[in-house]
$ cat protein33.txt   # compact mmCIF, N, CA and C atoms
# COMPACT_ATOMS: atom_id res chain seq x y z
N MET A 1 23.68 164.92 31.67
CA MET A 1 23.92 163.48 31.84
C MET A 1 23.42 162.73 30.61
N ALA A 2 24.21 161.79 30.13
CA ALA A 2 23.86 161.05 28.93
C ALA A 2 22.64 160.15 29.16
N LYS A 3 21.82 160.07 28.15
CA LYS A 3 20.67 159.16 28.19
C LYS A 3 21.19 157.73 28.07
N HIS A 4 20.53 156.82 28.80
CA HIS A 4 20.98 155.43 28.88
C HIS A 4 20.10 154.55 27.99
N ILE A 5 20.75 153.83 27.08
CA ILE A 5 20.07 152.92 26.16
C ILE A 5 20.41 151.49 26.54
N LEU A 6 19.39 150.64 26.65
CA LEU A 6 19.61 149.20 26.75
C LEU A 6 19.43 148.65 25.34
N PHE A 7 20.49 148.11 24.78
CA PHE A 7 20.49 147.58 23.42
C PHE A 7 20.51 146.06 23.48
N VAL A 8 19.46 145.44 22.96
CA VAL A 8 19.31 143.99 23.05
C VAL A 8 19.43 143.39 21.64
N GLU A 9 20.54 142.70 21.41
CA GLU A 9 20.84 142.17 20.08
C GLU A 9 21.77 140.97 20.21
N ASP A 10 21.43 139.87 19.54
CA ASP A 10 22.27 138.67 19.63
C ASP A 10 23.27 138.56 18.48
N ASP A 11 23.11 139.34 17.42
CA ASP A 11 24.05 139.32 16.30
C ASP A 11 25.26 140.17 16.67
N SER A 12 26.41 139.53 16.85
CA SER A 12 27.57 140.25 17.39
C SER A 12 28.08 141.35 16.47
N LEU A 13 28.04 141.16 15.16
CA LEU A 13 28.52 142.18 14.24
C LEU A 13 27.63 143.43 14.31
N LEU A 14 26.34 143.24 14.17
CA LEU A 14 25.42 144.37 14.25
C LEU A 14 25.48 145.03 15.62
N ARG A 15 25.57 144.21 16.64
CA ARG A 15 25.62 144.73 18.02
C ARG A 15 26.83 145.65 18.20
N ASP A 16 27.99 145.20 17.74
CA ASP A 16 29.21 146.00 17.89
C ASP A 16 29.13 147.30 17.11
N ILE A 17 28.66 147.23 15.86
CA ILE A 17 28.56 148.43 15.02
C ILE A 17 27.61 149.45 15.66
N LEU A 18 26.42 148.98 16.03
CA LEU A 18 25.42 149.92 16.54
C LEU A 18 25.76 150.41 17.95
N GLU A 19 26.34 149.55 18.76
CA GLU A 19 26.76 149.98 20.11
C GLU A 19 27.77 151.12 19.99
N ASN A 20 28.77 150.95 19.13
CA ASN A 20 29.77 152.00 18.93
C ASN A 20 29.15 153.28 18.39
N PHE A 21 28.22 153.15 17.46
CA PHE A 21 27.56 154.32 16.88
C PHE A 21 26.74 155.06 17.94
N LEU A 22 26.03 154.32 18.77
CA LEU A 22 25.24 154.94 19.84
C LEU A 22 26.13 155.68 20.83
N LYS A 23 27.25 155.05 21.18
CA LYS A 23 28.19 155.69 22.12
C LYS A 23 28.79 156.97 21.51
N LYS A 24 29.16 156.90 20.23
CA LYS A 24 29.71 158.08 19.56
C LYS A 24 28.67 159.19 19.45
N SER A 25 27.39 158.81 19.50
CA SER A 25 26.30 159.78 19.42
C SER A 25 25.94 160.35 20.79
N GLY A 26 26.71 159.95 21.82
CA GLY A 26 26.53 160.55 23.14
C GLY A 26 25.69 159.78 24.13
N PHE A 27 25.31 158.56 23.78
CA PHE A 27 24.49 157.76 24.69
C PHE A 27 25.35 156.84 25.56
N GLU A 28 24.87 156.59 26.76
CA GLU A 28 25.43 155.52 27.58
C GLU A 28 24.73 154.25 27.12
N VAL A 29 25.46 153.18 26.89
CA VAL A 29 24.87 151.96 26.32
C VAL A 29 25.17 150.76 27.19
N THR A 30 24.13 150.01 27.52
CA THR A 30 24.26 148.71 28.15
C THR A 30 23.77 147.70 27.13
N VAL A 31 24.50 146.60 26.97
CA VAL A 31 24.18 145.60 25.95
C VAL A 31 23.71 144.31 26.61
N ALA A 32 22.64 143.74 26.04
CA ALA A 32 22.17 142.41 26.43
C ALA A 32 22.24 141.52 25.20
N HIS A 33 22.66 140.28 25.41
CA HIS A 33 22.88 139.35 24.29
C HIS A 33 21.71 138.40 24.08
N ASP A 34 20.79 138.33 25.03
CA ASP A 34 19.63 137.44 24.90
C ASP A 34 18.47 138.02 25.71
N GLY A 35 17.30 137.41 25.56
CA GLY A 35 16.11 137.94 26.20
C GLY A 35 16.13 137.89 27.72
N ALA A 36 16.67 136.83 28.27
CA ALA A 36 16.72 136.72 29.74
C ALA A 36 17.62 137.80 30.33
N GLU A 37 18.77 138.02 29.70
CA GLU A 37 19.69 139.05 30.17
C GLU A 37 19.06 140.44 30.00
N ALA A 38 18.33 140.62 28.92
CA ALA A 38 17.67 141.90 28.66
C ALA A 38 16.71 142.26 29.79
N LEU A 39 15.91 141.30 30.20
CA LEU A 39 14.94 141.55 31.26
C LEU A 39 15.63 141.87 32.58
N GLN A 40 16.67 141.12 32.90
CA GLN A 40 17.43 141.36 34.12
C GLN A 40 18.05 142.75 34.10
N LEU A 41 18.68 143.12 32.99
CA LEU A 41 19.34 144.42 32.89
C LEU A 41 18.34 145.58 32.87
N ALA A 42 17.19 145.37 32.23
CA ALA A 42 16.17 146.42 32.20
C ALA A 42 15.73 146.77 33.62
N LYS A 43 15.54 145.75 34.44
CA LYS A 43 15.14 145.98 35.83
C LYS A 43 16.27 146.61 36.64
N GLN A 44 17.49 146.20 36.35
CA GLN A 44 18.66 146.65 37.11
C GLN A 44 19.04 148.09 36.78
N VAL A 45 19.16 148.43 35.49
CA VAL A 45 19.67 149.75 35.11
C VAL A 45 18.57 150.77 34.84
N GLN A 46 17.33 150.30 34.65
CA GLN A 46 16.20 151.18 34.34
C GLN A 46 16.58 152.22 33.29
N PRO A 47 16.84 151.77 32.06
CA PRO A 47 17.32 152.66 31.00
C PRO A 47 16.26 153.69 30.58
N ASP A 48 16.73 154.71 29.87
CA ASP A 48 15.82 155.72 29.34
C ASP A 48 15.05 155.20 28.13
N LEU A 49 15.66 154.22 27.42
CA LEU A 49 15.03 153.64 26.24
C LEU A 49 15.62 152.26 26.01
N ILE A 50 14.82 151.37 25.45
CA ILE A 50 15.28 150.01 25.11
C ILE A 50 15.17 149.83 23.61
N LEU A 51 16.27 149.40 22.99
CA LEU A 51 16.33 149.05 21.58
C LEU A 51 16.35 147.53 21.54
N LEU A 52 15.28 146.93 21.05
CA LEU A 52 15.02 145.51 21.27
C LEU A 52 14.84 144.72 19.98
N ASP A 53 15.63 143.68 19.83
CA ASP A 53 15.45 142.71 18.75
C ASP A 53 14.31 141.77 19.15
N ILE A 54 13.71 141.09 18.17
CA ILE A 54 12.63 140.14 18.46
C ILE A 54 13.14 138.71 18.58
N LEU A 55 13.91 138.28 17.58
CA LEU A 55 14.43 136.90 17.59
C LEU A 55 15.68 136.85 18.45
N LEU A 56 15.50 136.33 19.67
CA LEU A 56 16.60 136.29 20.64
C LEU A 56 16.68 134.91 21.28
N PRO A 57 17.87 134.51 21.71
CA PRO A 57 17.99 133.27 22.49
C PRO A 57 17.33 133.43 23.86
N LYS A 58 16.91 132.34 24.43
CA LYS A 58 16.39 132.21 25.80
C LYS A 58 14.99 132.79 26.00
N LYS A 59 14.71 133.96 25.45
CA LYS A 59 13.40 134.59 25.61
C LYS A 59 13.26 135.57 24.46
N ASN A 60 12.16 135.44 23.66
CA ASN A 60 12.05 136.34 22.52
C ASN A 60 11.68 137.76 22.95
N GLY A 61 11.87 138.70 22.04
CA GLY A 61 11.65 140.10 22.34
C GLY A 61 10.24 140.42 22.80
N PHE A 62 9.25 139.74 22.24
CA PHE A 62 7.87 140.00 22.66
C PHE A 62 7.62 139.55 24.09
N ASP A 63 8.23 138.43 24.49
CA ASP A 63 8.11 137.98 25.89
C ASP A 63 8.79 138.97 26.83
N VAL A 64 9.96 139.46 26.41
CA VAL A 64 10.68 140.46 27.21
C VAL A 64 9.81 141.71 27.36
N LEU A 65 9.26 142.15 26.25
CA LEU A 65 8.43 143.36 26.24
C LEU A 65 7.19 143.20 27.12
N ALA A 66 6.55 142.06 27.03
CA ALA A 66 5.36 141.82 27.86
C ALA A 66 5.71 141.88 29.34
N GLN A 67 6.85 141.34 29.71
CA GLN A 67 7.27 141.36 31.12
C GLN A 67 7.68 142.77 31.56
N ILE A 68 8.29 143.52 30.66
CA ILE A 68 8.63 144.92 30.97
C ILE A 68 7.35 145.70 31.26
N ARG A 69 6.33 145.49 30.45
CA ARG A 69 5.08 146.23 30.61
C ARG A 69 4.34 145.85 31.91
N GLN A 70 4.70 144.72 32.51
CA GLN A 70 4.07 144.30 33.77
C GLN A 70 4.85 144.76 34.99
N ASP A 71 6.03 145.34 34.80
CA ASP A 71 6.87 145.77 35.91
C ASP A 71 6.69 147.27 36.12
N GLN A 72 6.16 147.66 37.26
CA GLN A 72 5.81 149.07 37.47
C GLN A 72 7.00 150.02 37.39
N ASN A 73 8.21 149.53 37.65
CA ASN A 73 9.40 150.39 37.61
C ASN A 73 9.86 150.71 36.18
N ILE A 74 9.53 149.85 35.24
CA ILE A 74 10.00 150.05 33.86
C ILE A 74 8.87 150.01 32.83
N THR A 75 7.64 149.94 33.28
CA THR A 75 6.50 149.78 32.36
C THR A 75 6.41 150.90 31.33
N ASN A 76 6.81 152.11 31.70
CA ASN A 76 6.68 153.24 30.78
C ASN A 76 7.96 153.53 29.99
N THR A 77 8.95 152.65 30.09
CA THR A 77 10.19 152.84 29.33
C THR A 77 9.87 152.72 27.84
N PRO A 78 10.27 153.73 27.03
CA PRO A 78 10.03 153.61 25.59
C PRO A 78 10.86 152.48 25.00
N VAL A 79 10.22 151.73 24.10
CA VAL A 79 10.89 150.60 23.44
C VAL A 79 10.79 150.76 21.93
N ILE A 80 11.93 150.64 21.26
CA ILE A 80 11.98 150.58 19.80
C ILE A 80 12.32 149.14 19.45
N ILE A 81 11.50 148.53 18.61
CA ILE A 81 11.83 147.20 18.10
C ILE A 81 12.69 147.39 16.85
N LEU A 82 13.79 146.66 16.82
CA LEU A 82 14.68 146.63 15.66
C LEU A 82 14.74 145.18 15.21
N SER A 83 14.00 144.86 14.15
CA SER A 83 13.80 143.47 13.77
C SER A 83 14.26 143.20 12.34
N ASN A 84 14.51 141.93 12.05
CA ASN A 84 14.79 141.52 10.68
C ASN A 84 13.53 141.42 9.85
N PHE A 85 12.38 141.35 10.50
CA PHE A 85 11.13 141.05 9.81
C PHE A 85 10.19 142.24 9.78
N ASN A 86 9.58 142.45 8.61
CA ASN A 86 8.59 143.49 8.43
C ASN A 86 7.23 142.82 8.35
N ASP A 87 6.88 142.07 9.38
CA ASP A 87 5.66 141.28 9.42
C ASP A 87 4.53 142.09 10.07
N PRO A 88 3.44 142.32 9.34
CA PRO A 88 2.33 143.09 9.92
C PRO A 88 1.83 142.55 11.25
N ALA A 89 1.85 141.24 11.43
CA ALA A 89 1.41 140.66 12.71
C ALA A 89 2.37 141.05 13.84
N ASP A 90 3.68 141.06 13.54
CA ASP A 90 4.66 141.48 14.54
C ASP A 90 4.51 142.96 14.87
N ILE A 91 4.28 143.77 13.84
CA ILE A 91 4.11 145.21 14.05
C ILE A 91 2.89 145.46 14.93
N LYS A 92 1.79 144.75 14.64
CA LYS A 92 0.56 144.90 15.44
C LYS A 92 0.80 144.47 16.88
N ARG A 93 1.49 143.36 17.06
CA ARG A 93 1.79 142.88 18.42
C ARG A 93 2.65 143.90 19.17
N GLY A 94 3.61 144.48 18.47
CA GLY A 94 4.43 145.52 19.08
C GLY A 94 3.60 146.72 19.50
N GLN A 95 2.67 147.13 18.65
CA GLN A 95 1.80 148.26 18.98
C GLN A 95 0.95 147.95 20.21
N GLU A 96 0.46 146.72 20.28
CA GLU A 96 -0.35 146.32 21.44
C GLU A 96 0.47 146.37 22.73
N LEU A 97 1.78 146.17 22.62
CA LEU A 97 2.68 146.22 23.76
C LEU A 97 3.33 147.60 23.91
N ARG A 98 2.78 148.58 23.23
CA ARG A 98 3.15 150.00 23.36
C ARG A 98 4.58 150.32 22.94
N VAL A 99 5.07 149.68 21.85
CA VAL A 99 6.37 150.11 21.34
C VAL A 99 6.19 151.48 20.68
N VAL A 100 7.22 152.30 20.76
CA VAL A 100 7.13 153.64 20.18
C VAL A 100 7.51 153.65 18.70
N GLU A 101 8.23 152.60 18.28
CA GLU A 101 8.64 152.52 16.88
C GLU A 101 9.01 151.08 16.55
N TYR A 102 8.75 150.67 15.31
CA TYR A 102 9.13 149.35 14.82
C TYR A 102 9.99 149.60 13.60
N MET A 103 11.28 149.26 13.70
CA MET A 103 12.22 149.51 12.61
C MET A 103 12.75 148.18 12.07
N VAL A 104 12.95 148.13 10.75
CA VAL A 104 13.44 146.92 10.10
C VAL A 104 14.93 147.10 9.80
N LYS A 105 15.73 146.16 10.28
CA LYS A 105 17.19 146.25 10.18
C LYS A 105 17.67 146.49 8.74
N ALA A 106 17.10 145.74 7.80
CA ALA A 106 17.59 145.79 6.42
C ALA A 106 17.36 147.15 5.76
N THR A 107 16.39 147.91 6.25
CA THR A 107 16.06 149.18 5.60
C THR A 107 16.35 150.39 6.49
N THR A 108 17.10 150.17 7.57
CA THR A 108 17.37 151.24 8.52
C THR A 108 18.87 151.42 8.72
N ILE A 109 19.33 152.65 8.62
CA ILE A 109 20.75 152.94 8.86
C ILE A 109 20.92 153.46 10.29
N PRO A 110 22.12 153.31 10.86
CA PRO A 110 22.33 153.75 12.25
C PRO A 110 21.91 155.20 12.52
N GLU A 111 22.15 156.10 11.56
CA GLU A 111 21.77 157.50 11.75
C GLU A 111 20.27 157.65 11.99
N GLU A 112 19.47 156.85 11.29
CA GLU A 112 18.02 156.90 11.46
C GLU A 112 17.61 156.45 12.87
N ILE A 113 18.30 155.45 13.37
CA ILE A 113 18.00 154.94 14.71
C ILE A 113 18.31 156.02 15.74
N VAL A 114 19.47 156.66 15.62
CA VAL A 114 19.87 157.71 16.55
C VAL A 114 18.90 158.90 16.48
N THR A 115 18.51 159.27 15.27
CA THR A 115 17.56 160.38 15.10
C THR A 115 16.24 160.06 15.79
N LYS A 116 15.78 158.83 15.63
CA LYS A 116 14.52 158.41 16.25
C LYS A 116 14.64 158.40 17.77
N ILE A 117 15.74 157.89 18.28
CA ILE A 117 15.96 157.85 19.74
C ILE A 117 15.95 159.27 20.29
N LYS A 118 16.67 160.17 19.64
CA LYS A 118 16.73 161.55 20.11
C LYS A 118 15.36 162.22 20.09
N ALA A 119 14.57 161.92 19.07
CA ALA A 119 13.22 162.49 18.99
C ALA A 119 12.34 161.96 20.12
N ILE A 120 12.46 160.69 20.43
CA ILE A 120 11.65 160.07 21.49
C ILE A 120 12.05 160.60 22.86
N LEU A 121 13.36 160.73 23.08
CA LEU A 121 13.84 161.14 24.41
C LEU A 121 13.88 162.66 24.58
N GLY A 122 13.62 163.37 23.50
CA GLY A 122 13.61 164.84 23.59
C GLY A 122 14.99 165.37 23.67
$ encode --input "protein33.txt" --output "structure tokens"
Amino acid sequence: MAKHILFVEDDSLLRDILENFLKKSGFEVTVAHDGAEALQLAKQVQPDLILLDILLPKKNGFDVLAQIRQDQNITNTPVIILSNFNDPADIKRGQELRVVEYMVKATTIPEEIVTKIKAILG
């Protein structure tokens, strides 16, 4: 059975490219376009992993992550942050919220993301 990824990204071009790449790599993908939708879908589908942007409409990625960590059904879901910013304060905040990886969009290619997801999910 394919591993299920919740991909949270508001940039439609990047979202389409990476969603297609993840699907071609054998993952089932659910897409959320903003933070509020991400939280709702995380609770609903209980994905194997969440690929999460930080700057999102309605609710930022850190708020989403904090709420995920408080929900006993999804608290242990691995989360990879995929952000535009390589800010040490953001990286530290992500670590405090138990993200498994912090990746910067500008320096990361889709193959690297898939490789990391596969390593995390075994």
$ residues_near_point --input "protein33.txt" --point "(18.3, 143.1, 23.4)" --cutoff "5 Å" --atoms "only N, CA and C atoms" --output "list in words"
Phe7, Val8, Glu9, Ala32, Leu52 and Asp53 of chain A
$ select_by_dssp --input "protein33.txt" --residues "chain A" --states "alpha helix (DSSP H)" --output "ChimeraX atom specification"
/A:12-24,35-45,61-69,88-96,110-121
$ closest_residue --input "protein33.txt" --among "A:Asn20, A:Leu56, A:Thr30, A:Ile68" --to "Lys43 of chain A" --atoms "only N, CA and C atoms"
A:Ile68
$ select_by_dssp --input "protein33.txt" --residues "chain A" --states "strand (DSSP E)" --output "PDB file with N, CA and C atoms, in the coordinates of the input"
ATOM      1  N   HIS A   4      20.530 156.820  28.800  1.00  0.00           N
ATOM      2  CA  HIS A   4      20.980 155.430  28.880  1.00  0.00           C
ATOM      3  C   HIS A   4      20.100 154.550  27.990  1.00  0.00           C
ATOM      4  N   ILE A   5      20.750 153.830  27.080  1.00  0.00           N
ATOM      5  CA  ILE A   5      20.070 152.920  26.160  1.00  0.00           C
ATOM      6  C   ILE A   5      20.410 151.490  26.540  1.00  0.00           C
ATOM      7  N   LEU A   6      19.390 150.640  26.650  1.00  0.00           N
ATOM      8  CA  LEU A   6      19.610 149.200  26.750  1.00  0.00           C
ATOM      9  C   LEU A   6      19.430 148.650  25.340  1.00  0.00           C
ATOM     10  N   PHE A   7      20.490 148.110  24.780  1.00  0.00           N
ATOM     11  CA  PHE A   7      20.490 147.580  23.420  1.00  0.00           C
ATOM     12  C   PHE A   7      20.510 146.060  23.480  1.00  0.00           C
ATOM     13  N   VAL A   8      19.460 145.440  22.960  1.00  0.00           N
ATOM     14  CA  VAL A   8      19.310 143.990  23.050  1.00  0.00           C
ATOM     15  C   VAL A   8      19.430 143.390  21.640  1.00  0.00           C
ATOM     16  N   GLU A  28      24.870 156.590  26.760  1.00  0.00           N
ATOM     17  CA  GLU A  28      25.430 155.520  27.580  1.00  0.00           C
ATOM     18  C   GLU A  28      24.730 154.250  27.120  1.00  0.00           C
ATOM     19  N   VAL A  29      25.460 153.180  26.890  1.00  0.00           N
ATOM     20  CA  VAL A  29      24.870 151.960  26.320  1.00  0.00           C
ATOM     21  C   VAL A  29      25.170 150.760  27.190  1.00  0.00           C
ATOM     22  N   THR A  30      24.130 150.010  27.520  1.00  0.00           N
ATOM     23  CA  THR A  30      24.260 148.710  28.150  1.00  0.00           C
ATOM     24  C   THR A  30      23.770 147.700  27.130  1.00  0.00           C
ATOM     25  N   VAL A  31      24.500 146.600  26.970  1.00  0.00           N
ATOM     26  CA  VAL A  31      24.180 145.600  25.950  1.00  0.00           C
ATOM     27  C   VAL A  31      23.710 144.310  26.610  1.00  0.00           C
ATOM     28  N   ALA A  32      22.640 143.740  26.040  1.00  0.00           N
ATOM     29  CA  ALA A  32      22.170 142.410  26.430  1.00  0.00           C
ATOM     30  C   ALA A  32      22.240 141.520  25.200  1.00  0.00           C
ATOM     31  N   LEU A  49      15.660 154.220  27.420  1.00  0.00           N
ATOM     32  CA  LEU A  49      15.030 153.640  26.240  1.00  0.00           C
ATOM     33  C   LEU A  49      15.620 152.260  26.010  1.00  0.00           C
ATOM     34  N   ILE A  50      14.820 151.370  25.450  1.00  0.00           N
ATOM     35  CA  ILE A  50      15.280 150.010  25.110  1.00  0.00           C
ATOM     36  C   ILE A  50      15.170 149.830  23.610  1.00  0.00           C
ATOM     37  N   LEU A  51      16.270 149.400  22.990  1.00  0.00           N
ATOM     38  CA  LEU A  51      16.330 149.050  21.580  1.00  0.00           C
ATOM     39  C   LEU A  51      16.350 147.530  21.540  1.00  0.00           C
ATOM     40  N   LEU A  52      15.280 146.930  21.050  1.00  0.00           N
ATOM     41  CA  LEU A  52      15.020 145.510  21.270  1.00  0.00           C
ATOM     42  C   LEU A  52      14.840 144.720  19.980  1.00  0.00           C
ATOM     43  N   VAL A  79      10.220 151.730  24.100  1.00  0.00           N
ATOM     44  CA  VAL A  79      10.890 150.600  23.440  1.00  0.00           C
ATOM     45  C   VAL A  79      10.790 150.760  21.930  1.00  0.00           C
ATOM     46  N   ILE A  80      11.930 150.640  21.260  1.00  0.00           N
ATOM     47  CA  ILE A  80      11.980 150.580  19.800  1.00  0.00           C
ATOM     48  C   ILE A  80      12.320 149.140  19.450  1.00  0.00           C
ATOM     49  N   ILE A  81      11.500 148.530  18.610  1.00  0.00           N
ATOM     50  CA  ILE A  81      11.830 147.200  18.100  1.00  0.00           C
ATOM     51  C   ILE A  81      12.690 147.390  16.850  1.00  0.00           C
ATOM     52  N   LEU A  82      13.790 146.660  16.820  1.00  0.00           N
ATOM     53  CA  LEU A  82      14.680 146.630  15.660  1.00  0.00           C
ATOM     54  C   LEU A  82      14.740 145.180  15.210  1.00  0.00           C
ATOM     55  N   SER A  83      14.000 144.860  14.150  1.00  0.00           N
ATOM     56  CA  SER A  83      13.800 143.470  13.770  1.00  0.00           C
ATOM     57  C   SER A  83      14.260 143.200  12.340  1.00  0.00           C
ATOM     58  N   GLU A 101       8.230 152.600  18.280  1.00  0.00           N
ATOM     59  CA  GLU A 101       8.640 152.520  16.880  1.00  0.00           C
ATOM     60  C   GLU A 101       9.010 151.080  16.550  1.00  0.00           C
ATOM     61  N   TYR A 102       8.750 150.670  15.310  1.00  0.00           N
ATOM     62  CA  TYR A 102       9.130 149.350  14.820  1.00  0.00           C
ATOM     63  C   TYR A 102       9.990 149.600  13.600  1.00  0.00           C
ATOM     64  N   MET A 103      11.280 149.260  13.700  1.00  0.00           N
ATOM     65  CA  MET A 103      12.220 149.510  12.610  1.00  0.00           C
ATOM     66  C   MET A 103      12.750 148.180  12.070  1.00  0.00           C
ATOM     67  N   VAL A 104      12.950 148.130  10.750  1.00  0.00           N
ATOM     68  CA  VAL A 104      13.440 146.920  10.100  1.00  0.00           C
ATOM     69  C   VAL A 104      14.930 147.100   9.800  1.00  0.00           C
TER      70      VAL A 104
END
$ closest_atom_pairs --input "protein33.txt" --of "segment 43-86 of chain A" --to "segment 101-104 of chain A" --cutoff "5 Å" --atoms "only N, CA and C atoms" --output "CSV"
residue,atom,partner,partner_atom,distance
A:Val79,C,A:Glu101,N,4.8
A:Ile80,CA,A:Glu101,C,4.4
A:Ile81,C,A:Met103,N,3.9
A:Leu82,CA,A:Met103,C,4.4
A:Ser83,N,A:Met103,C,4.1
$ closest_residue --input "protein33.txt" --among "A:Asp10, A:Ala38, A:Ala119, A:His4" --to "Val64 of chain A" --atoms "all atoms listed in the file"
A:Ala38
$ axis_aligned_box --input "protein33.txt" --around "segment 66-74 of chain A" --padding-each-side "3 Å" --output "JSON"
{"center_x": 7.0, "center_y": 146.0, "center_z": 32.3, "size_x": 11.9, "size_y": 15.4, "size_z": 16.6}
$ closest_residue --input "protein33.txt" --among "A:Val29, A:Ala36, A:Leu6, A:Ala42" --to "Asn60 of chain A" --atoms "only N, CA and C atoms"
A:Ala36
$ atom_distance --input "protein33.txt" --atom1 "atom C of Arg15 of chain A" --atom2 "atom CA of Val31 of chain A"
8.2 Å
$ closest_residue --input "protein33.txt" --among "A:Gln70, A:Lys105, A:Lys23, A:Asp48" --to "Asn86 of chain A" --atoms "all atoms listed in the file"
A:Lys105
$ closest_residue --input "protein33.txt" --among "A:Arg69, A:Lys24, A:Arg93, A:His33" --to "Val114 of chain A" --atoms "only C-alpha atoms"
A:Lys24
$ atom_distance --input "protein33.txt" --atom1 "atom N of Ala106 of chain A" --atom2 "atom N of Leu14 of chain A"
11.5 Å
$ closest_residue --input "protein33.txt" --among "A:Ser12, A:Thr77, A:Thr108, A:Asn84" --to "Pro47 of chain A" --atoms "only N, CA and C atoms"
A:Thr77
